[in-house]
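Peer 1: Take a look at model.txt, compact mmCIF, C-alpha atoms:
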```
# COMPACT_ATOMS: atom_id res chain seq x y z
CA MET A 664 168.64 103.75 -93.82
CA GLU A 665 167.04 101.39 -91.33
CA VAL A 666 163.28 100.78 -91.09
CA ARG A 667 161.63 98.94 -88.23
CA ILE A 668 158.02 98.04 -88.88
CA PRO A 669 155.54 95.54 -87.34
CA ALA A 670 156.09 92.11 -88.93
CA ASP A 671 152.57 92.16 -90.29
CA LEU A 672 151.18 91.53 -93.77
CA SER A 673 149.41 94.89 -93.73
CA GLN A 674 152.83 96.62 -93.87
CA LEU A 675 154.00 94.96 -97.08
CA TYR A 676 152.76 97.68 -99.40
CA VAL A 677 154.59 100.32 -97.33
CA LEU A 678 157.89 98.46 -97.79
CA ARG A 679 157.21 97.99 -101.52
CA SER A 680 156.58 101.72 -101.92
CA LEU A 681 159.71 102.63 -99.99
CA ALA A 682 161.85 100.24 -102.06
CA ALA A 683 160.46 101.71 -105.27
CA THR A 684 161.21 105.25 -104.12
CA LEU A 685 164.80 104.38 -103.23
CA ALA A 686 165.40 102.58 -106.55
CA LEU A 687 164.01 105.58 -108.47
CA ARG A 688 166.39 107.87 -106.61
CA GLU A 689 169.33 105.62 -107.54
CA ASP A 690 168.49 106.01 -111.21
CA PHE A 691 166.86 102.64 -111.88
CA ASP A 692 164.55 102.76 -114.89
CA LEU A 693 160.82 102.13 -114.36
CA ASP A 694 161.01 98.42 -115.26
CA GLU A 695 163.91 97.93 -112.87
CA VAL A 696 162.03 99.82 -110.16
CA GLU A 697 159.17 97.34 -110.51
CA ASP A 698 161.63 94.46 -110.20
CA VAL A 699 163.08 95.90 -106.98
CA LYS A 700 159.59 96.42 -105.61
CA LEU A 701 158.64 92.82 -106.37
CA ALA A 702 161.89 91.46 -104.89
CA VAL A 703 161.51 93.43 -101.66
CA ASP A 704 157.90 92.28 -101.35
CA GLU A 705 158.93 88.65 -101.72
CA MET A 706 161.73 88.83 -99.17
CA CYS A 707 159.61 90.67 -96.61
CA SER A 708 156.60 88.36 -97.19
CA ALA A 709 158.74 85.30 -96.53
CA LEU A 710 160.11 86.85 -93.33
CA VAL A 711 156.76 88.10 -91.99
CA LEU A 712 155.47 84.52 -92.22
CA ARG A 713 158.37 83.40 -90.04
CA ALA A 714 158.26 86.19 -87.45
CA ARG A 715 157.31 85.68 -83.83
CA ALA A 716 153.87 87.23 -83.23
CA GLY A 717 154.00 90.89 -82.21
CA GLU A 718 157.62 91.30 -83.31
CA TYR A 719 159.17 93.73 -85.78
CA LEU A 720 160.72 93.37 -89.21
CA THR A 721 163.97 95.29 -89.62
CA CYS A 722 165.03 96.40 -93.10
CA GLN A 723 168.40 97.98 -93.73
CA PHE A 724 168.52 99.67 -97.11
CA GLU A 725 172.03 100.25 -98.46
CA THR A 726 171.88 102.41 -101.55
CA ALA A 727 174.66 103.53 -103.87
CA PRO A 728 174.49 105.00 -107.35
CA ARG A 729 172.57 102.44 -109.46
CA SER A 730 172.49 99.88 -106.66
CA VAL A 731 169.99 98.96 -103.95
CA GLY A 732 170.84 96.45 -101.25
CA VAL A 733 168.43 95.27 -98.57
CA LEU A 734 169.11 93.25 -95.44
CA ALA A 735 165.84 92.21 -93.79
CA SER A 736 165.54 90.30 -90.51
CA VAL A 737 162.86 89.04 -88.11
CA PRO A 738 162.98 87.40 -84.67
CA SER A 739 161.63 83.86 -84.92
CA ASP A 740 160.87 80.87 -82.71
CA ASN A 741 161.98 78.54 -85.47
CA SER A 742 165.49 77.82 -86.76
CA ARG A 743 164.22 76.40 -90.07
CA PRO A 744 165.79 78.25 -93.01
CA ILE A 745 163.58 80.03 -95.59
CA GLU A 746 162.32 77.53 -98.14
CA GLN A 747 163.84 77.97 -101.57
CA ASP A 748 161.59 75.70 -103.66
CA THR A 749 158.83 78.34 -103.78
CA PHE A 750 157.55 80.76 -106.43
CA GLY A 751 158.58 83.56 -104.09
CA TRP A 752 162.19 82.48 -103.96
CA ARG A 753 162.21 81.89 -107.72
CA VAL A 754 161.03 85.48 -108.23
CA LEU A 755 163.68 86.76 -105.82
CA GLY A 756 166.45 84.86 -107.57
CA ALA A 757 165.38 86.04 -111.00
CA LEU A 758 165.01 89.71 -110.12
CA THR A 759 168.11 90.32 -108.02
CA ASP A 760 171.84 90.11 -108.64
CA GLN A 761 172.44 88.31 -105.40
CA VAL A 762 170.22 86.87 -102.70
CA THR A 763 171.08 84.83 -99.62
CA THR A 764 169.28 83.69 -96.47
CA TRP A 765 170.53 82.43 -93.14
CA VAL A 766 169.49 81.96 -89.51
CA THR A 767 171.38 83.19 -86.42
CA PRO A 768 170.75 82.98 -82.68
CA GLY A 769 168.46 85.88 -81.75
CA ARG A 770 168.10 88.34 -78.89
CA LYS A 771 164.33 88.93 -78.86
CA ALA A 772 163.50 85.35 -79.80
CA PRO A 773 165.59 82.17 -79.93
CA TYR A 774 166.44 82.79 -83.57
CA GLU A 775 166.70 85.55 -86.12
CA VAL A 776 165.97 84.84 -89.80
CA HIS A 777 167.69 87.02 -92.41
CA ILE A 778 167.51 87.62 -96.15
CA ARG A 779 169.89 89.88 -98.00
CA MET A 780 169.58 90.93 -101.62
CA THR A 781 171.33 93.28 -103.99
CA ALA A 782 169.94 94.72 -107.20
CA GLU A 783 171.96 96.73 -109.69
CA ALA A 784 170.57 98.96 -112.42
CA GLU A 785 171.53 97.77 -115.91
CA GLY A 786 173.50 99.80 -118.42
CA TYR A 787 172.06 102.87 -120.10
CA MET B 916 139.72 89.69 -93.69
CA PRO B 917 141.36 93.11 -93.96
CA ALA B 918 141.12 93.39 -97.75
CA VAL B 919 138.07 95.03 -99.26
CA ASP B 920 135.67 92.94 -101.27
CA ARG B 921 133.32 94.77 -103.58
CA PRO B 922 129.62 94.24 -103.01
CA SER B 923 128.37 91.58 -105.40
CA GLY B 924 126.59 92.90 -108.44
CA ALA B 925 128.74 96.04 -108.57
CA SER B 926 129.27 97.04 -112.16
CA SER B 927 132.72 96.75 -113.63
CA ASP B 928 133.53 100.26 -114.78
CA PRO B 929 137.12 100.69 -115.95
CA SER B 930 137.00 104.40 -115.19
CA ALA B 931 135.93 103.81 -111.59
CA THR B 932 138.32 104.91 -108.88
CA PRO B 933 141.06 102.38 -108.14
CA PRO B 934 141.14 100.74 -104.71
CA PRO B 935 143.21 102.42 -101.97
CA PHE B 936 146.93 101.56 -101.82
CA GLY B 937 147.55 97.93 -101.01
CA GLU B 938 143.93 96.85 -101.45
CA LEU B 939 142.28 94.47 -103.89
CA TRP B 940 138.83 94.59 -105.46
CA VAL B 941 137.23 91.83 -107.48
CA ASP B 942 134.20 92.22 -109.76
CA VAL B 943 132.60 88.97 -110.84
CA ARG B 944 130.87 88.54 -114.19
CA VAL B 945 129.16 85.20 -114.66
CA MET B 946 128.30 84.49 -118.30
CA ALA B 947 127.07 81.44 -120.16
CA ALA B 948 130.52 81.09 -121.76
CA GLY B 949 132.40 81.37 -118.46
CA THR B 950 133.19 83.53 -115.46
CA VAL B 951 135.33 86.68 -115.53
CA LEU B 952 137.03 87.87 -112.35
CA ALA B 953 137.97 91.51 -112.98
CA VAL B 954 140.66 92.25 -110.43
CA ARG B 955 141.86 95.72 -109.47
CA GLY B 956 144.61 96.85 -107.11
CA GLU B 957 147.45 94.89 -105.54
CA VAL B 958 147.69 91.10 -105.15
CA ASP B 959 150.11 90.34 -102.34
CA LEU B 960 150.33 87.87 -99.46
CA ARG B 961 147.65 89.78 -97.55
CA THR B 962 145.11 90.27 -100.34
CA ALA B 963 145.58 87.01 -102.29
CA PRO B 964 143.05 85.15 -100.06
CA VAL B 965 140.30 87.45 -101.42
CA LEU B 966 141.06 86.20 -104.92
CA ALA B 967 141.29 82.61 -103.68
CA GLU B 968 137.81 82.96 -102.20
CA HIS B 969 136.39 83.90 -105.61
CA VAL B 970 138.14 80.94 -107.19
CA GLU B 971 136.64 78.69 -104.53
CA ARG B 972 133.19 80.08 -105.33
CA HIS B 973 133.61 79.40 -109.06
CA PHE B 974 134.63 75.78 -108.54
CA GLY B 975 132.58 75.04 -105.46
CA VAL B 976 129.04 76.06 -106.35
CA ALA B 977 127.88 73.84 -109.22
CA GLU B 978 129.62 71.28 -111.39
CA ASP B 979 128.45 72.75 -114.68
CA VAL B 980 129.71 76.22 -113.66
CA ALA B 981 133.05 74.79 -112.50
CA ARG B 982 133.60 73.25 -115.95
CA ARG B 983 133.16 76.63 -117.67
CA PRO B 984 136.30 78.70 -118.32
CA LEU B 985 137.47 81.06 -115.58
CA VAL B 986 139.08 84.28 -116.81
CA PHE B 987 141.29 86.34 -114.51
CA ASP B 988 141.22 89.85 -115.95
CA LEU B 989 144.32 91.39 -114.34
CA THR B 990 144.35 94.46 -116.62
CA GLU B 991 143.87 96.80 -113.65
CA VAL B 992 146.28 95.00 -111.31
CA ASP B 993 149.26 97.15 -110.23
CA PHE B 994 151.12 94.51 -108.29
CA LEU B 995 151.25 90.70 -108.47
CA GLY B 996 153.41 88.82 -105.98
CA SER B 997 154.04 85.09 -105.66
CA ALA B 998 151.02 84.66 -103.36
CA GLY B 999 148.88 85.74 -106.32
CA LEU B 1000 150.74 83.36 -108.63
CA GLY B 1001 149.94 80.61 -106.14
CA VAL B 1002 146.22 81.35 -106.45
CA LEU B 1003 146.40 81.25 -110.27
CA VAL B 1004 148.32 77.97 -110.30
CA ALA B 1005 145.90 76.40 -107.81
CA ALA B 1006 142.98 77.55 -109.98
CA ARG B 1007 144.58 76.01 -113.03
CA ARG B 1008 145.08 72.72 -111.16
CA ARG B 1009 141.48 72.81 -110.00
CA ALA B 1010 140.20 73.53 -113.51
CA THR B 1011 142.19 70.63 -114.93
CA THR B 1012 140.69 68.16 -112.47
CA VAL B 1013 137.09 69.14 -113.35
CA GLY B 1014 137.68 69.45 -117.10
CA GLY B 1015 137.58 73.27 -117.10
CA ALA B 1016 140.17 75.88 -118.06
CA ILE B 1017 141.57 79.20 -116.91
CA TRP B 1018 142.77 82.25 -118.82
CA VAL B 1019 144.86 85.10 -117.47
CA VAL B 1020 144.73 88.59 -118.99
CA ALA B 1021 148.11 90.24 -118.37
CA ALA B 1022 148.19 93.70 -119.93
CA SER B 1023 150.92 95.31 -117.84
CA ARG B 1024 154.50 94.41 -117.02
CA ALA B 1025 153.59 94.41 -113.32
CA VAL B 1026 151.53 91.29 -114.07
CA SER B 1027 153.45 89.64 -116.90
CA ARG B 1028 156.89 89.97 -115.27
CA PRO B 1029 156.29 87.70 -112.24
CA ILE B 1030 154.52 85.16 -114.49
CA GLU B 1031 157.43 85.22 -116.92
CA VAL B 1032 160.28 84.87 -114.39
CA THR B 1033 158.59 81.89 -112.73
CA GLY B 1034 158.12 80.16 -116.08
CA LEU B 1035 154.32 80.05 -115.75
CA PHE B 1036 153.41 81.79 -119.01
CA GLY B 1037 152.25 78.70 -120.90
CA LEU B 1038 150.65 76.97 -117.93
CA LEU B 1039 148.40 79.93 -117.15
CA ASN B 1040 147.07 80.58 -120.70
CA VAL B 1041 148.22 84.19 -120.68
CA VAL B 1042 146.69 86.64 -123.16
CA SER B 1043 147.27 90.37 -123.45
CA ASP B 1044 143.70 91.68 -123.44
CA LEU B 1045 140.22 90.70 -122.29
CA ALA B 1046 138.87 90.56 -125.85
CA SER B 1047 141.32 87.76 -126.72
CA ALA B 1048 140.29 85.79 -123.64
CA LEU B 1049 136.58 86.21 -124.45
CA ASP B 1050 137.24 85.16 -128.05
CA ALA B 1051 139.07 82.09 -126.83
CA ILE B 1052 136.29 80.96 -124.53
CA GLY B 1053 133.67 81.66 -127.20
```
Please re-express this file's structure in structure tokens.
Peer 2:
Amino acid sequence: MEVRIPADLSQLYVLRSLAATLALREDFDLDEVEDVKLAVDEMCSALVLRARAGEYLTCQFETAPRSVGVLASVPSDNSRPIEQDTFGWRVLGALTDQVTTWVTPGRKAPYEVHIRMTAEAEGY
Amino acid sequence: MPAVDRPSGASSDPSATPPPFGELWVDVRVMAAGTVLAVRGEVDLRTAPVLAEHVERHFGVAEDVARRPLVFDLTEVDFLGSAGLGVLVAARRRATTVGGAIWVVAASRAVSRPIEVTGLFGLLNVVSDLASALDAIG
């Protein structure tokens, strides 16, 4: 599933809600759902801050039984990577099984900043 | 500022309707023993500045008020992201410089989880209910 939404802080709660719904459907328990929600909020917050004004945030949700993966990207004027010495990144690292960030040349702006994370539901 | 701020003097009624999705309301209770910020709703990158404004007011108005304890009652908070943690840490830093203190009431996992995974539990004087915070500040 791919979601394209204005890269604006007012959209964060929509993305959190969507992430929570998808995690619930993949059988995450309620605590794990909250973790996914928090992780998706942190990754999207970091990207919105880096987006070129008026541009869109793209989120690709890849779900599988007991697994939610998200690849989020924004067009940016700046090639600087996402800072990792922040509370936000610490939260992301703690709540996901894998998280990475990188910058590529962009089409709508000089650069495109990406974050990908995967969260797996624990055992029963 | 897109987030909704409650009119000052509004009573803090726990049974009152929660704020709309994504919003944040703050009720302020100034007492002789300290100030309580009763926060309701979601603290994210968009709404955190509302909370920061209340912190600024506590520390910026009068020196004797700034030295009194500041209690963040997050019992009714449904979401706390790192932007909110940033406000709490800044408040703690501010309190330390003026000889004050902060307390954080974290009753739900939505609040305690981000504090725990960032290792901020001890720094923020976390307690599990408002009564314990009020006891602590006397």
Peer 1: For chain A, report every residue with an atom at most 6 Å from chain B (counting only C-alpha atoms), formatted as a PyMOL selection string.
Peer 2: chain A and resi 672+676+750-751
Peer 1: Please dump the current selection as a tab-separated table (two decimals), in the coordinates of the input; keep C-alpha atoms.
Peer 2:
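Heads up, here's the output in result.tsv:
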```tsv
chain	number	residue	atom	x	y	z
A	672	LEU	CA	151.18	91.53	-93.77
A	676	TYR	CA	152.76	97.68	-99.40
A	750	PHE	CA	157.55	80.76	-106.43
A	751	GLY	CA	158.58	83.56	-104.09
```
Peer 1: Could you check the closest approach to B:Leu952 for each of B:Trp1018, B:Ala977, B:Arg1007, B:Pro935 and tell me which residue wins, using all atoms listed in the file?
Peer 2: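 Closest to B:Leu952 of all the choices is B:Trp1018.
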Peer 1: Residues proximal to (161.5, 100.8, -111.3) were defined as those with any atom within 12 Å of that point in the file's coordinates, counting all atoms listed in the file. Which are they, as an MDAnalysis selection string?
Peer 2: (chainID A and resid 679:702 729:731 758 782:785) or (chainID B and resid 1024:1025)
Peer 1: Find the spatial neighbours of A:Thr781, counting only C-alpha atoms, within a cut-off of 7 Å - ignore same-chain residues fewer than 6 positions away - and output them as a list in words.
Peer 2: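 Returned residues: Val731, Gly732, Val733, Thr759, Asp760, Gln761 and Val762 of chain A.
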Peer 1: For atom CA of B:Val986 and atom CA of B:Glu968, quote the distance in Å rounded to one decimal.
Peer 2: 14.7 Å
Peer 1: My list of candidates is A:Ala727, A:Cys722, A:Val677, A:Met706. Which is closest to A:Val754 when distances are computed with all atoms listed in the file?
Peer 2: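 Of A:Ala727, A:Cys722, A:Val677, A:Met706, the one nearest A:Val754 is A:Met706, counting all atoms listed in the file.
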Peer 1: Compare B:Ala1010, B:Val976, B:Val1026, B:Val1019 by their minimum atom-to-atom distance to B:Leu1039, counting all atoms listed in the file, and give me the closest one.
Peer 2: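 Nearest candidate to B:Leu1039 out of B:Ala1010, B:Val976, B:Val1026, B:Val1019: B:Val1019.
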Peer 1: Nearest to A:Gln723 among A:Val703, A:Val711, A:Asp748, A:Pro738, with distances taken over all atoms listed in the file: which residue is it?
Peer 2: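 Checking each candidate against A:Gln723, we get A:Val703 as the closest.
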Peer 1: Tell me, in Å to one decimal, how far atom CA of B:Arg982 is from atom CA of B:Val1013.
Peer 2: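 Distance between the two atoms: 6.0 Å.
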Peer 1: Mind pulling up the distance from atom CA of B:Ser1027 to atom CA of B:Val980?
Peer 2: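 That distance, rounded to one decimal, is 27.5 Å.
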Peer 1: Name the residues in contact with B:Ala1016 at a cut-off of 12 Å, using all atoms listed in the file, excluding same-chain residues fewer than 2 positions from it; report them as a ChimeraX atom specification.
Peer 2: /B:948-950,973-974,980-987,1003-1014,1018-1019,1038-1041,1048,1051-1052
Peer 1: Restricting the calculation to all atoms listed in the file: of A:Glu725, A:Pro773, A:Arg753, A:Ile778, which residue gets closest to A:Cys707?
Peer 2: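 For A:Cys707, the nearest of the given residues is A:Ile778.
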Peer 1: Stretch 748-766 of chain A, all listed atoms, 4 Å padding on each side: what axis-aligned box centre and edge lengths in Å to one decimal come out, as JSON?
Peer 2:
```
{"center_x": 165.0, "center_y": 83.0, "center_z": -100.3, "size_x": 22.9, "size_y": 22.6, "size_z": 29.5}
```
Peer 1: Residues near A:Asn741, anyone? I mean within 12 Å using all atoms listed in the file, not counting same-chain ones fewer than 2 positions away, as a list in words.
Peer 2: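 The filter keeps Leu710, Leu712, Arg713, Ala714, Arg715, Val737, Pro738, Ser739, Arg743, Pro744, Ile745, Val766, Thr767, Pro768, Gly769, Ala772, Pro773, Tyr774, Glu775 and Val776 of chain A.
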Peer 1: Given only C-alpha atoms as the basis, pick out the residue of A:Thr763, A:Tyr719, A:Arg770, A:Thr726 nearest to A:Gln674.
Peer 2: A:Tyr719
Peer 1: Only N, CA, C and O atoms, please: stretch 1015-1032 of chain B from the block, as a PDB file, in the first residue's frame.
Peer 2:
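Writing done, so here's part-v4.pdb:
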```pdb
ATOM      1  N   GLY B1015      14.712  24.859  40.764  1.00  0.00           N
ATOM      2  CA  GLY B1015      13.377  24.252  40.847  1.00  0.00           C
ATOM      3  C   GLY B1015      13.443  22.760  40.561  1.00  0.00           C
ATOM      4  O   GLY B1015      14.514  22.149  40.643  1.00  0.00           O
ATOM      5  N   ALA B1016      12.281  22.176  40.236  1.00  0.00           N
ATOM      6  CA  ALA B1016      12.243  20.742  39.940  1.00  0.00           C
ATOM      7  C   ALA B1016      11.030  20.452  39.071  1.00  0.00           C
ATOM      8  O   ALA B1016      10.061  21.207  39.075  1.00  0.00           O
ATOM      9  N   ILE B1017      11.101  19.357  38.317  1.00  0.00           N
ATOM     10  CA  ILE B1017       9.905  18.927  37.589  1.00  0.00           C
ATOM     11  C   ILE B1017       9.553  17.493  37.986  1.00  0.00           C
ATOM     12  O   ILE B1017      10.405  16.716  38.449  1.00  0.00           O
ATOM     13  N   TRP B1018       8.261  17.176  37.826  1.00  0.00           N
ATOM     14  CA  TRP B1018       7.757  15.826  38.027  1.00  0.00           C
ATOM     15  C   TRP B1018       6.900  15.468  36.834  1.00  0.00           C
ATOM     16  O   TRP B1018       6.206  16.328  36.278  1.00  0.00           O
ATOM     17  N   VAL B1019       6.943  14.200  36.430  1.00  0.00           N
ATOM     18  CA  VAL B1019       6.146  13.766  35.288  1.00  0.00           C
ATOM     19  C   VAL B1019       5.258  12.605  35.729  1.00  0.00           C
ATOM     20  O   VAL B1019       5.748  11.588  36.225  1.00  0.00           O
ATOM     21  N   VAL B1020       3.948  12.774  35.581  1.00  0.00           N
ATOM     22  CA  VAL B1020       3.001  11.710  35.906  1.00  0.00           C
ATOM     23  C   VAL B1020       2.738  10.900  34.641  1.00  0.00           C
ATOM     24  O   VAL B1020       2.141  11.395  33.683  1.00  0.00           O
ATOM     25  N   ALA B1021       3.222   9.657  34.635  1.00  0.00           N
ATOM     26  CA  ALA B1021       3.056   8.778  33.476  1.00  0.00           C
ATOM     27  C   ALA B1021       2.216   7.584  33.907  1.00  0.00           C
ATOM     28  O   ALA B1021       2.730   6.666  34.537  1.00  0.00           O
ATOM     29  N   ALA B1022       0.926   7.614  33.587  1.00  0.00           N
ATOM     30  CA  ALA B1022       0.029   6.551  34.035  1.00  0.00           C
ATOM     31  C   ALA B1022      -0.136   5.472  32.976  1.00  0.00           C
ATOM     32  O   ALA B1022      -0.427   4.324  33.286  1.00  0.00           O
ATOM     33  N   SER B1023       0.060   5.830  31.717  1.00  0.00           N
ATOM     34  CA  SER B1023      -0.189   4.864  30.640  1.00  0.00           C
ATOM     35  C   SER B1023       1.109   4.476  29.955  1.00  0.00           C
ATOM     36  O   SER B1023       2.124   5.176  30.041  1.00  0.00           O
ATOM     37  N   ARG B1024       1.051   3.354  29.241  1.00  0.00           N
ATOM     38  CA  ARG B1024       2.222   2.889  28.503  1.00  0.00           C
ATOM     39  C   ARG B1024       2.561   3.860  27.374  1.00  0.00           C
ATOM     40  O   ARG B1024       3.727   4.031  27.032  1.00  0.00           O
ATOM     41  N   ALA B1025       1.528   4.501  26.806  1.00  0.00           N
ATOM     42  CA  ALA B1025       1.765   5.452  25.712  1.00  0.00           C
ATOM     43  C   ALA B1025       2.724   6.555  26.151  1.00  0.00           C
ATOM     44  O   ALA B1025       3.456   7.112  25.345  1.00  0.00           O
ATOM     45  N   VAL B1026       2.730   6.850  27.454  1.00  0.00           N
ATOM     46  CA  VAL B1026       3.614   7.891  27.979  1.00  0.00           C
ATOM     47  C   VAL B1026       4.911   7.297  28.537  1.00  0.00           C
ATOM     48  O   VAL B1026       6.001   7.807  28.279  1.00  0.00           O
ATOM     49  N   SER B1027       4.795   6.196  29.265  1.00  0.00           N
ATOM     50  CA  SER B1027       6.000   5.658  29.914  1.00  0.00           C
ATOM     51  C   SER B1027       6.960   4.997  28.911  1.00  0.00           C
ATOM     52  O   SER B1027       8.175   5.024  29.097  1.00  0.00           O
ATOM     53  N   ARG B1028       6.409   4.421  27.852  1.00  0.00           N
ATOM     54  CA  ARG B1028       7.242   3.705  26.873  1.00  0.00           C
ATOM     55  C   ARG B1028       8.307   4.598  26.213  1.00  0.00           C
ATOM     56  O   ARG B1028       9.496   4.256  26.244  1.00  0.00           O
ATOM     57  N   PRO B1029       7.914   5.744  25.618  1.00  0.00           N
ATOM     58  CA  PRO B1029       8.953   6.596  25.021  1.00  0.00           C
ATOM     59  C   PRO B1029       9.965   7.119  26.051  1.00  0.00           C
ATOM     60  O   PRO B1029      11.147   7.278  25.738  1.00  0.00           O
ATOM     61  N   ILE B1030       9.526   7.356  27.282  1.00  0.00           N
ATOM     62  CA  ILE B1030      10.439   7.838  28.325  1.00  0.00           C
ATOM     63  C   ILE B1030      11.436   6.735  28.670  1.00  0.00           C
ATOM     64  O   ILE B1030      12.635   6.962  28.823  1.00  0.00           O
ATOM     65  N   GLU B1031      10.913   5.514  28.724  1.00  0.00           N
ATOM     66  CA  GLU B1031      11.742   4.360  29.085  1.00  0.00           C
ATOM     67  C   GLU B1031      12.780   4.049  27.998  1.00  0.00           C
ATOM     68  O   GLU B1031      13.958   3.878  28.305  1.00  0.00           O
ATOM     69  N   VAL B1032      12.360   4.001  26.732  1.00  0.00           N
ATOM     70  CA  VAL B1032      13.308   3.588  25.681  1.00  0.00           C
ATOM     71  C   VAL B1032      14.375   4.640  25.398  1.00  0.00           C
ATOM     72  O   VAL B1032      15.395   4.340  24.792  1.00  0.00           O
TER      73      VAL B1032
END
```
